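Participant: Got a structure for you, written out below as structure tokens; questions coming shortly.
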Amino acid sequence: MEPLSSYIILSSAMLGIGIYGLVSKRNAIRLLFSIELIVNAANINFVAFARYSNPPILSGWNIVFYSIAAAAMEATVGLALILVAFRLNGTIDIRKLNRLRG
Amino acid sequence: MTQLQVLPGLQEMVDSLVKIVTSRTFLEIVIFPGLLNVLLSVAFLTWLERKIIARVQLRIGPLYAGIWGVLQPIADFVKLLFKEMISPELADVKLLMLCALGLMMLAAAPIVTIPFGEAFVIANMDIGLIFVFAVMSLFPSVLLLIGWGSNSKYSFLGGLRSLFQQVAYEIPMWLSVLGIVMLTGTLNLAEIVRAQQKVWFVIPQVLGFAVFFTAALAELERTPFDLPEAETELVMGWMTELSGAAFMVGFMAMYTKFYVMSALITTLFLGGWLGPAIIPEPIWVVLKTFLVAVVIVTIRGTFPRVRVDILLRTGWMRLLLLALVNIVVTVILIWLGLGWVWRV
Amino acid sequence: MALGSWSLVAIFELVILVTTVSLLAFGWLMGAKGKNPIRDAPFESGQTRLGEARLRYMMQYYPYLIMYVAFDVIAMFLFTWGLVFATLPFAQEYLFLIFVAILVVPLWYALHISGRRDLW
Amino acid sequence: MPDMIFLALSAVVVASAVFALEAKELIYGTIGLGVSLVGVAGLFMLLGAEYLAMFQVAVYVGAVVVLILFTIMLVRRESGRIVDEEEPASFGSVGIYVAALVALAVAGAVILLAPVSPVAPEFYQVQLQDLGRSLAASYGVALVILGLVIGAAVVGGLTLVKIDREEKPSGTTE
């Protein structure tokens with residue numbers, strides 16, 4: 001059976017990839033990818049800790065239900081924003097989306 | 001006579017191989033509920049459909065290949081294998097092949113959880129229903145990718161229409177099944193069938209059955225909901241640019257899904273293997289599945305096609321409403337204390 | 001590890017994968033091959049290709065897709081609730097009924113707004 | 001000895017996550033994201049949360065990835081070329097250092113602070129019944145708030161995206 005630390009190393013690796021994507025990518029949709037990765041890294045930690053505590057506590061799994069729901073809703077609003085940004089500025093390259101006017 | 005000194009490793013390998021091949025799970029996976037069953041029933045359903053549609057339209061249908069044209073699907077199968085796989089210009093052939101493969105794997109996946117007998121199921125999962133739900137919800141993205149990959153107007157429109165049709169009918173389908181889950185309290189398909197010992201779920205869940213059946217029609221893209229493949233307008237929908245073996249895999253995936261949905265309807269609503277013991281259990285399941293398939297095919301022969309926006313609005317408004325009403329009916333049923341009849 | 005049933009699923013998927021890949025490969029190898037610009041053009045029922053295939057007019061279906069994401073999430077909670085519905089005292093269930101009642105509003109709004117064709 | 005399934009799954013997750021960010025075409029990036037989310041679902045199965053893994057696949061890969069694909073297909077320049085960076089971002093390398101730093105910090109903190117990580121109790125399959133009961137009992141109010149969040153997201157997303165014919169948006173239009 002896996003020691004707990006290997007799950008944490010994996011989720012921190014995903015966190016690293018997510019932050020790399022946030023920092024260095026210029027396409028708005030790629031930012032959304034990295035946000036999804038970071039949320040999934042957190043979900044892995046929730047489930048791993050819920051599983052490895054003795055006796056396993058169920059609230060870990062419940063929280064992941066809510067975090068999946070929240071991340072799905074965040075993705076819909078994010079994509080709506082990207083659509084509006086594309087419609088107004090013709091591009092979703094975040095370096096060009098720097099005008100604060102509507 | 002000294003026995004030939006076979007390589008030591010080889011002997012054990014052959015023994016273990018023989019043991020695996022004759023083991024029950026292997027036989028289940030490859031022979032009955034698994035591969036052979038899927039391929040044979042796909043061929044049989046193709047033949048059945050063409051025969052019934054022909055009868056409905058007062059013509060005879062396939063006749064020459066074998067007795068009453070039974071071998072016609074196999075003839076098509078071999079013909080398609082040798083046809084050329086044309087890759088349209090600017091089309092993404094890698095994506096198309098990947099999606100055709102993905103489609104076939106997704107279509108065949110639910111067979112694993114459908115029970116064909118008391119202990120005759122490939123993988124008796126206690127979340128069988130949700131596994132089918134997850135597999136069914138992967139179809140829209142694969143269809144959209146096929147539509148996008150083949151870079152032609154017809155297939156892109158077909159892919160889009162089938163995406164929105166399946167998306168519109170997925171939610172009512174699963175809310176109608178929720179009634180059964182509330183009554184039995186389990187997600188294991190084998191236990192759901194056992195719960196139908198006294199009364200099949202068609203009777204208490206008539207509304208749920210109606211919603212599930214209509215949504216299954218839409219999910220399978222059959223008339224009256226076969227918009228994506230509307231022969232007159234959209235040629236073959238998302239299958240337009242597939243050709244040769246890829247078309248055959250796509251076609252086979254659609255008929256596998258047809259067989260799997262009919263088997264799901266029998267398991268959930270028509271009491272899978274329950275029936276007088278004269279006929280062995282798996283035959284009961286197959287019999288009921290083909291009965292449901294015949295009904296679906298006759299519907300295809302008799303109903304006109306529905307317009308796109310009417311299709312979407314019925315999906316989201318009427319069917320969702322009916323599914324919610326069905327849940328309310330189940331809640332009342334349980335509060336009236338009738339829940340014990342199906343309590344596992 | 002109680003992965004028993006899942007390993008069976010994996011083996012079944014492997015068998016399906018092998019048969020499909022062999023069919024596709026057989027079709028690819030045995031089928032005729034040939035590059036012919038006219039025949040390779042995507043199917044336009046006879047005419048030559050006009051404009052670009054990947055149209056972008058499909059905004060009118062956008063609310064249906066957003067409703068699908070929202071209701072997929074709701075189905076997740078409804079199944080969890082449905083499993084234990086018969087055993088729950090009413091005190092803990094009325095919250096769930098409120099949850100479902102709240103979610104009628106976005107459904108009505110999305111259907112209403114997708115009906116008005118002029119907005120898309 | 002870390003078992004093979006866990007190593008394979010985590011390799012799939014990490015590899016397809018990197019592919020999702022690095023792929024030239026966005027469509028392939030989304031497929032990469034979908035594969036890594038399915039890998040995460042496989043990890044949930046390893047941890048005994050099969051029910052959760054199925055919904056993770058259904059909600060994320062079934063719904064969110066389709067929405068992303070749909071948006072990518074809408075967000076394309078008229079020239080038909082898929083929107084992608086002309087040249088790689090200048091501060092790409094900084095990103096790698098920052099990411100590596102954060103990842104090492106988190107992993108290092110865990111390893112140093114809790115060198116003896118608790119060994120898992122024997123395999124424990126969560127009973128769906130008490131999962132549902134604990135959800136209804138202790139998380140009912142959070143459910144109502146989540147209902148409001150979902151309502152707000154749907155209504156907000158739609159009002160954002162709809163084009164009001166009265167005031168023409170200044171940028172390019174459909």
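Ordering of the structure tokens sets the chain letters (A, B, ...), residue numbers begin anew at 1 in every chain, and ligands are numbered from 1 in the order given.
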Identify every residue of chain A that has at least one atom within 6 Å of any atom of chain D, counting only C-alpha atoms, and report the result as a PDB file with N, CA and C atoms, in the first residue's frame.
Facilitator:
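For reference, part_0.pdb as written:
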ATOM      1  N   GLU A   2       0.503   2.249  -0.592  1.00  0.00           N
ATOM      2  CA  GLU A   2       1.342   3.431  -0.775  1.00  0.00           C
ATOM      3  C   GLU A   2       1.520   4.177   0.551  1.00  0.00           C
ATOM      4  N   PRO A   3       2.738   4.623   0.887  1.00  0.00           N
ATOM      5  CA  PRO A   3       2.828   5.572   2.001  1.00  0.00           C
ATOM      6  C   PRO A   3       2.177   6.884   1.587  1.00  0.00           C
ATOM      7  N   LEU A   4       1.711   7.646   2.559  1.00  0.00           N
ATOM      8  CA  LEU A   4       0.960   8.870   2.246  1.00  0.00           C
ATOM      9  C   LEU A   4       1.839   9.862   1.503  1.00  0.00           C
ATOM     10  N   ILE A   9       3.614  13.995  -2.779  1.00  0.00           N
ATOM     11  CA  ILE A   9       4.615  14.400  -3.778  1.00  0.00           C
ATOM     12  C   ILE A   9       3.929  14.565  -5.133  1.00  0.00           C
ATOM     13  N   SER A  12       1.886  17.743  -5.182  1.00  0.00           N
ATOM     14  CA  SER A  12       2.699  18.964  -5.267  1.00  0.00           C
ATOM     15  C   SER A  12       3.310  19.071  -6.666  1.00  0.00           C
ATOM     16  N   ALA A  13       3.581  17.946  -7.305  1.00  0.00           N
ATOM     17  CA  ALA A  13       4.074  18.026  -8.699  1.00  0.00           C
ATOM     18  C   ALA A  13       2.998  18.661  -9.573  1.00  0.00           C
ATOM     19  N   GLY A  16       2.903  22.242  -9.029  1.00  0.00           N
ATOM     20  CA  GLY A  16       4.015  22.909  -9.726  1.00  0.00           C
ATOM     21  C   GLY A  16       3.680  23.135 -11.189  1.00  0.00           C
ATOM     22  N   ILE A  19       1.171  25.940 -11.536  1.00  0.00           N
ATOM     23  CA  ILE A  19       1.743  27.283 -11.350  1.00  0.00           C
ATOM     24  C   ILE A  19       2.598  27.635 -12.555  1.00  0.00           C
ATOM     25  N   TYR A  20       3.344  26.649 -13.073  1.00  0.00           N
ATOM     26  CA  TYR A  20       4.129  26.935 -14.292  1.00  0.00           C
ATOM     27  C   TYR A  20       3.197  27.416 -15.393  1.00  0.00           C
ATOM     28  N   VAL A  23       1.994  30.957 -14.765  1.00  0.00           N
ATOM     29  CA  VAL A  23       2.986  32.030 -14.872  1.00  0.00           C
ATOM     30  C   VAL A  23       3.387  32.248 -16.322  1.00  0.00           C
ATOM     31  N   SER A  24       3.587  31.156 -17.062  1.00  0.00           N
ATOM     32  CA  SER A  24       4.307  31.396 -18.324  1.00  0.00           C
ATOM     33  C   SER A  24       3.429  31.246 -19.556  1.00  0.00           C
ATOM     34  N   TYR A  52      -6.121   7.981   4.588  1.00  0.00           N
ATOM     35  CA  TYR A  52      -5.020   7.472   5.430  1.00  0.00           C
ATOM     36  C   TYR A  52      -5.261   7.733   6.898  1.00  0.00           C
ATOM     37  N   MET A  73     -18.209  25.103 -11.908  1.00  0.00           N
ATOM     38  CA  MET A  73     -18.879  26.402 -12.075  1.00  0.00           C
ATOM     39  C   MET A  73     -17.864  27.478 -12.417  1.00  0.00           C
ATOM     40  N   VAL A  77     -17.893  30.036 -15.808  1.00  0.00           N
ATOM     41  CA  VAL A  77     -17.828  31.502 -15.813  1.00  0.00           C
ATOM     42  C   VAL A  77     -16.539  31.955 -16.499  1.00  0.00           C
ATOM     43  N   ALA A  80     -17.014  31.828 -20.134  1.00  0.00           N
ATOM     44  CA  ALA A  80     -17.876  32.924 -20.608  1.00  0.00           C
ATOM     45  C   ALA A  80     -17.062  34.205 -20.706  1.00  0.00           C
ATOM     46  N   ARG A  87     -14.716  38.447 -27.981  1.00  0.00           N
ATOM     47  CA  ARG A  87     -15.648  39.216 -28.811  1.00  0.00           C
ATOM     48  C   ARG A  87     -15.272  40.688 -28.791  1.00  0.00           C
ATOM     49  N   LEU A  88     -14.797  41.183 -27.640  1.00  0.00           N
ATOM     50  CA  LEU A  88     -14.490  42.628 -27.572  1.00  0.00           C
ATOM     51  C   LEU A  88     -13.123  42.922 -28.164  1.00  0.00           C
ATOM     52  N   ASN A  89     -12.138  42.070 -27.945  1.00  0.00           N
ATOM     53  CA  ASN A  89     -10.771  42.442 -28.352  1.00  0.00           C
ATOM     54  C   ASN A  89     -10.262  41.605 -29.508  1.00  0.00           C
ATOM     55  N   GLY A  90     -11.017  40.619 -29.921  1.00  0.00           N
ATOM     56  CA  GLY A  90     -10.551  39.875 -31.075  1.00  0.00           C
ATOM     57  C   GLY A  90      -9.409  38.942 -30.754  1.00  0.00           C
TER      58      GLY A  90
END
Participant: Going by DSSP on the backbone, which residues of region 7-101 of chain A come out as alpha helix (DSSP H)? List them as a VMD selection string.
Facilitator: chain A and resid 7 to 24 28 to 52 59 to 89
Participant: What are the residues of chain B lining chain D at 8 Å or less? Count only C-alpha atoms, and put the answer as a short mmCIF file (atom, residue, chain, number, x, y, z; two decimals) with N, CA and C atoms, in the first residue's frame.
Facilitator:
data_model
loop_
_atom_site.label_atom_id
_atom_site.label_comp_id
_atom_site.auth_asym_id
_atom_site.auth_seq_id
_atom_site.Cartn_x
_atom_site.Cartn_y
_atom_site.Cartn_z
N ILE B 127 -20.99 0.15 -7.83
CA ILE B 127 -21.41 1.46 -8.36
C ILE B 127 -21.64 1.28 -9.86
N ILE B 130 -23.43 4.17 -11.85
CA ILE B 130 -22.70 5.43 -12.04
C ILE B 130 -21.59 5.22 -13.07
N PHE B 131 -21.05 3.99 -13.13
CA PHE B 131 -20.03 3.72 -14.17
C PHE B 131 -20.65 3.90 -15.55
N PHE B 133 -23.21 5.79 -16.22
CA PHE B 133 -23.46 7.22 -16.35
C PHE B 133 -22.18 7.93 -16.80
N ALA B 134 -21.05 7.60 -16.17
CA ALA B 134 -19.79 8.27 -16.53
C ALA B 134 -19.41 7.95 -17.98
N VAL B 135 -19.59 6.68 -18.38
CA VAL B 135 -19.20 6.31 -19.76
C VAL B 135 -20.11 7.03 -20.75
N SER B 137 -21.48 9.85 -20.42
CA SER B 137 -21.26 11.29 -20.52
C SER B 137 -19.96 11.59 -21.26
N LEU B 138 -19.20 10.56 -21.65
CA LEU B 138 -17.97 10.83 -22.41
C LEU B 138 -18.24 10.90 -23.90
N PHE B 139 -19.43 10.43 -24.32
CA PHE B 139 -19.68 10.38 -25.76
C PHE B 139 -19.65 11.76 -26.41
N PRO B 140 -20.33 12.80 -25.83
CA PRO B 140 -20.37 14.07 -26.56
C PRO B 140 -19.00 14.58 -26.97
N SER B 141 -18.01 14.49 -26.08
CA SER B 141 -16.71 15.08 -26.46
C SER B 141 -16.09 14.30 -27.61
#
Participant: Report as a list in words the set of chain A residues whose atoms approach chain C to within 10 Å, with distances computed over only C-alpha atoms.
Facilitator: Met1, Phe65, Tyr66, Ile68, Ala69, Ala70, Ala72, Met73, Ala75, Thr76, Val77 and Ala80 of chain A
Participant: Considering only C-alpha atoms, give me a table of residues in chain B that are at most 6 Å from chain C, with the closest atom pair and distance in Å for each, as a tab-separated table.
Facilitator:
residue	atom	partner	partner_atom	distance
B:Ile29	CA	C:Phe12	CA	6.0
B:Leu81	CA	C:Gly27	CA	4.9
B:Phe82	CA	C:Gly31	CA	4.7
B:Lys83	CA	C:Gly31	CA	5.0
B:Glu84	CA	C:Gly31	CA	4.3
B:Pro88	CA	C:Asp40	CA	4.6
B:Glu89	CA	C:Asp40	CA	5.8
B:Ala123	CA	C:Ser5	CA	4.7
B:Asn151	CA	C:Ala53	CA	5.7
B:Ser152	CA	C:Ala53	CA	5.0
B:Lys153	CA	C:Ala53	CA	4.6
B:Val181	CA	C:Leu83	CA	6.0
B:Met182	CA	C:Gly82	CA	4.7
B:Gly185	CA	C:Leu83	CA	4.6
B:Ala245	CA	C:Gly27	CA	4.9
Participant: As a VMD selection string, please: the residues near Ala71 (chain A) (cut-off 8 Å, only C-alpha atoms, same-chain neighbours under 4 positions excluded).
Facilitator: chain A and resid 36 39 67 75
Participant: Check the smallest atom-to-atom distance from each of C:Phe99, C:Val104, C:Ile113, C:Met59 to chain D using only C-alpha atoms, then report the winner.
Facilitator: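 Smallest distance to chain D is found for C:Phe99.
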Participant: Quick check, in Å to one decimal: how far apart do CA of Gly315 (chain B) and CA of Leu187 (chain B) lie?
Facilitator: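 These atoms are spaced 24.7 Å apart.
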Participant: Fewer than 4 positions away in the same chain doesn't count, so skip those; otherwise give me all residues within 7 Å of Leu95 (chain C), counting only C-alpha atoms, as an MDAnalysis selection string.
Facilitator: (chainID C and resid 99) or (chainID D and resid 140:141 144)
Participant: Write out as a list in words each polymer residue whose atoms come within 6 Å of region 43-49 of chain A, counting only C-alpha atoms; drop sequence neighbours fewer than 6 positions from it.
Facilitator: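 The residues satisfying every condition are Gly60, Trp61 and Val64 of chain A.
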